[in-house]
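Participant: My questions will all concern the structure given below.
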Amino acid sequence: MDVLEFLRPHIKSLKAYSSARDEFSEVNKDLTFIDANENPFQTCVNRYPDPLQNKLKNEWSKYIDIPVDQIMFGNGSDEVLDLIFRAFCIPEKDNVVILPPTYGMYEVLAQLNNIEVKKAELDENFQPVIGSILKLVNKNTKLLFICSPNNPSSNNLKENLIKDLINSFKGIIVIDEAYIDFSSQQSFVSCIDKYPNVIVTQTFSKAFGLAGIRLGICYANPKIIDVFNKIKPPYNISELTQKKALERLQNIDVVKKEVQTIMEQREFLIKELKTITCIDRVFASDANFILARVDDANLRYKQLIDNGIVVRNRTTQPLCENCLRFTIGTKTENLKLISILKSF
């Protein structure tokens, strides 16, 4: 499969903007830089950042054991997802498939790019129905979005079902793994070499605790990464973001300890939620949050707000009637949540 066949025709011949830092990026050398119309006075961030984030990318490549040419960073995963739409989908002509209930930005970005969205609901166990998905596909279906672990249902989509879709779908498959660090399931990043039409997205927002710096990760065939590097904004990742991500990566043992603590608190919270009378069902979780069905989601949501706790009411989403989503907090926050729920 030649993945470049799926590109929008004009993207194939697009010439990327060449920034000053593309032409000379070694800003730490003892050189006089008067090439980029920058302010010459030292503020630590008066120079433009490396447009390809080479230092961060090399360190991340070593940590994740993925070649640099299969990695791209985005201004949050949402920028990565938007780039995917802009690279592959022709407005008012192409369509994409999503699997509700799922991450809402897929549909928002499709609307923003004027792309038709087709929906194949997950089954009652929040698993994909292969036949229903493939029935929606036509010659203009370019993308299939799979979120695993899924948001808001918090479960892994079964590995064999995802592989069936990879083998059956003749287009680009985007596997969103924002919560993979909290899952027992292996990442699909390892499939990139075998399946050039698979794109995997991850993020520094969840396990790395860096939601505020907006840093998303894209893993894909080198041909796709090369295209994304051409169409992304030249300085999409700030110098401060790159430095903060490197700092966190250099303290990876702390990150791993925090992930372990979140997973332990997840099990504690699941156990406690199952004892509360207003909760009808607690769904299994492979993420850093839990989906639970309650007797009256709107009422319980308001009561929690009145008691100073903000959760997410997902009752309007498909298959999520009367469901609330609880992010795993600190031990103190989780105890407070349980105590208040028990008081209702």
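Naming scheme: A, B, ... for chains in displayed order of the structure tokens; residues 1 onward per chain; ligands 1 onward as shown.
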Against range 324-336 of chain A, which residues of range 240-296 of chain A fall within 9 Å? For each one I want the closest pair of atoms and the distance in Å (one decimal), counting only C-alpha atoms, rows by chain and increasing residue number, as a Markdown table.

Facilitator:
```
| residue | atom | partner | partner_atom | distance |
| --- | --- | --- | --- | --- |
| A:Thr261 | CA | A:Thr330 | CA | 8.6 |
| A:Ile262 | CA | A:Ile328 | CA | 6.5 |
| A:Met263 | CA | A:Ile328 | CA | 8.4 |
| A:Gln265 | CA | A:Lys331 | CA | 6.7 |
| A:Arg266 | CA | A:Ile328 | CA | 6.0 |
| A:Phe268 | CA | A:Asn334 | CA | 8.8 |
| A:Leu269 | CA | A:Asn334 | CA | 6.9 |
| A:Asn288 | CA | A:Ile328 | CA | 5.6 |
| A:Phe289 | CA | A:Thr327 | CA | 4.1 |
| A:Ile290 | CA | A:Phe326 | CA | 5.1 |
| A:Leu291 | CA | A:Arg325 | CA | 4.6 |
| A:Ala292 | CA | A:Leu324 | CA | 5.5 |
| A:Arg293 | CA | A:Leu324 | CA | 6.4 |
| A:Val294 | CA | A:Leu324 | CA | 7.2 |
```

Participant: Could you pull out the residues in range 34-90 of chain A that DSSP calls alpha helix (DSSP H) from the backbone, as a count of residues only?

Facilitator: 24

Participant: One number please: CA of Tyr235 in chain A to CA of Asn251 in chain A, in Å, one decimal.

Facilitator: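 Calculated distance between CA of Tyr235 in chain A and CA of Asn251 in chain A is 25.7 Å.
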
Participant: Could you pull the residues within 10 Å of Pro67 in chain A, counting only C-alpha atoms, minus those fewer than 3 positions along the same chain, as number ranges by chain?

Facilitator: A: 57-58, 60-62, 64, 70-71, 219, 222

Participant: Got time to write the residues from that selection, N, CA and C atoms, as a short mmCIF file (atom, residue, chain, number, x, y, z; two decimals), in the first residue's frame?

Facilitator:
```cif
data_model
loop_
_atom_site.label_atom_id
_atom_site.label_comp_id
_atom_site.auth_asym_id
_atom_site.auth_seq_id
_atom_site.Cartn_x
_atom_site.Cartn_y
_atom_site.Cartn_z
N LYS A 57 12.86 15.31 20.29
CA LYS A 57 12.50 14.15 19.47
C LYS A 57 13.52 13.02 19.62
N ASN A 58 14.80 13.38 19.68
CA ASN A 58 15.84 12.36 19.84
C ASN A 58 15.74 11.66 21.19
N TRP A 60 12.99 11.46 23.06
CA TRP A 60 11.75 10.68 23.08
C TRP A 60 11.91 9.41 22.26
N SER A 61 12.61 9.49 21.15
CA SER A 61 12.87 8.32 20.31
C SER A 61 13.60 7.23 21.08
N LYS A 62 14.58 7.64 21.87
CA LYS A 62 15.33 6.67 22.69
C LYS A 62 14.44 6.04 23.75
N ILE A 64 11.07 5.76 23.78
CA ILE A 64 9.95 4.98 23.25
C ILE A 64 10.40 3.88 22.29
N GLN A 70 9.65 8.49 12.37
CA GLN A 70 8.27 8.05 12.53
C GLN A 70 7.53 8.86 13.59
N ILE A 71 8.14 9.97 14.04
CA ILE A 71 7.58 10.76 15.14
C ILE A 71 7.38 12.21 14.70
N TYR A 219 2.70 9.08 15.65
CA TYR A 219 3.59 8.05 15.12
C TYR A 219 2.99 7.57 13.80
N PRO A 222 7.13 7.00 7.79
CA PRO A 222 7.96 8.18 7.49
C PRO A 222 7.42 9.06 6.37
#
```

Participant: Ranking A:Arg312, A:Lys257, A:Arg214, A:Lys342 by minimum distance to Ser238 in chain A and counting only C-alpha atoms, which one comes first?

Facilitator: A:Arg214

Participant: Which distance in Å separates CA of Asp22 in chain A and CA of Leu52 in chain A, to one decimal?

Facilitator: 8.2 Å

Participant: Determine the nearest neighbour of Leu99 in chain A from the options A:Gln185, A:Ser205, A:Asn150, A:Asn37, counting only C-alpha atoms.

Facilitator: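 Selected residue with least distance to Leu99 in chain A: A:Asn150.
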
Participant: List every residue of range 71-211 of chain A that DSSP, applied to the backbone of this structure, assigns to strand (DSSP E or B), and report them as number ranges by chain.

Facilitator: A: 71-74, 95-98, 116-119, 141-147, 172-176, 198-203

Participant: Pick out the residues sitting within 10 Å of Ala220 in chain A, and hand them over as a PyMOL selection string; count only C-alpha atoms, and ignore anything fewer than 4 positions along from it in its own chain.

Facilitator: chain A and resi 69-72+174+189+191-193+195-201+224-226+228

Participant: Find the residues near Ile34 in chain A: any atom within 12 Å, counting only C-alpha atoms, skip ones fewer than 6 places away on the same chain, and give them as number ranges by chain.

Facilitator: A: 20-21, 24, 27, 40-41, 47

Participant: Keeping C-alpha atoms, export the residues of the selection given above as a JSON list (two decimals), in the first residue's frame.

Facilitator:
```
[["chain", "number", "residue", "atom", "x", "y", "z"],
["A", 20, "ALA", "CA", 15.17, 30.77, 9.35],
["A", 21, "ARG", "CA", 15.61, 28.00, 11.91],
["A", 24, "PHE", "CA", 20.27, 27.16, 10.57],
["A", 27, "VAL", "CA", 21.31, 28.52, 18.02],
["A", 40, "PRO", "CA", 18.57, 40.47, 20.06],
["A", 41, "PHE", "CA", 18.21, 40.91, 23.84],
["A", 47, "ARG", "CA", 15.02, 33.06, 19.63]]
```

Participant: For a test of reading the model, state the distance in Å between CA of Asn125 in chain A and CA of Leu299 in chain A, rounded to one decimal.

Facilitator: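 Taking CA of Asn125 in chain A and CA of Leu299 in chain A, their separation equals 25.3 Å.
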
Participant: Go through A:Asn160, A:Ser343, A:Ser153, A:Asn221 and flag the residue nearest Ser190 in chain A, using only C-alpha atoms for the distances.

Facilitator: A:Asn221

Participant: Using only C-alpha atoms, which protein or nucleic acid residues come within 8 Å of Asp78 in chain A? Drop anything in the same chain fewer than 3 positions from it, and give the result as a ChimeraX atom specification.

Facilitator: /A:74-75,81-82,105,216
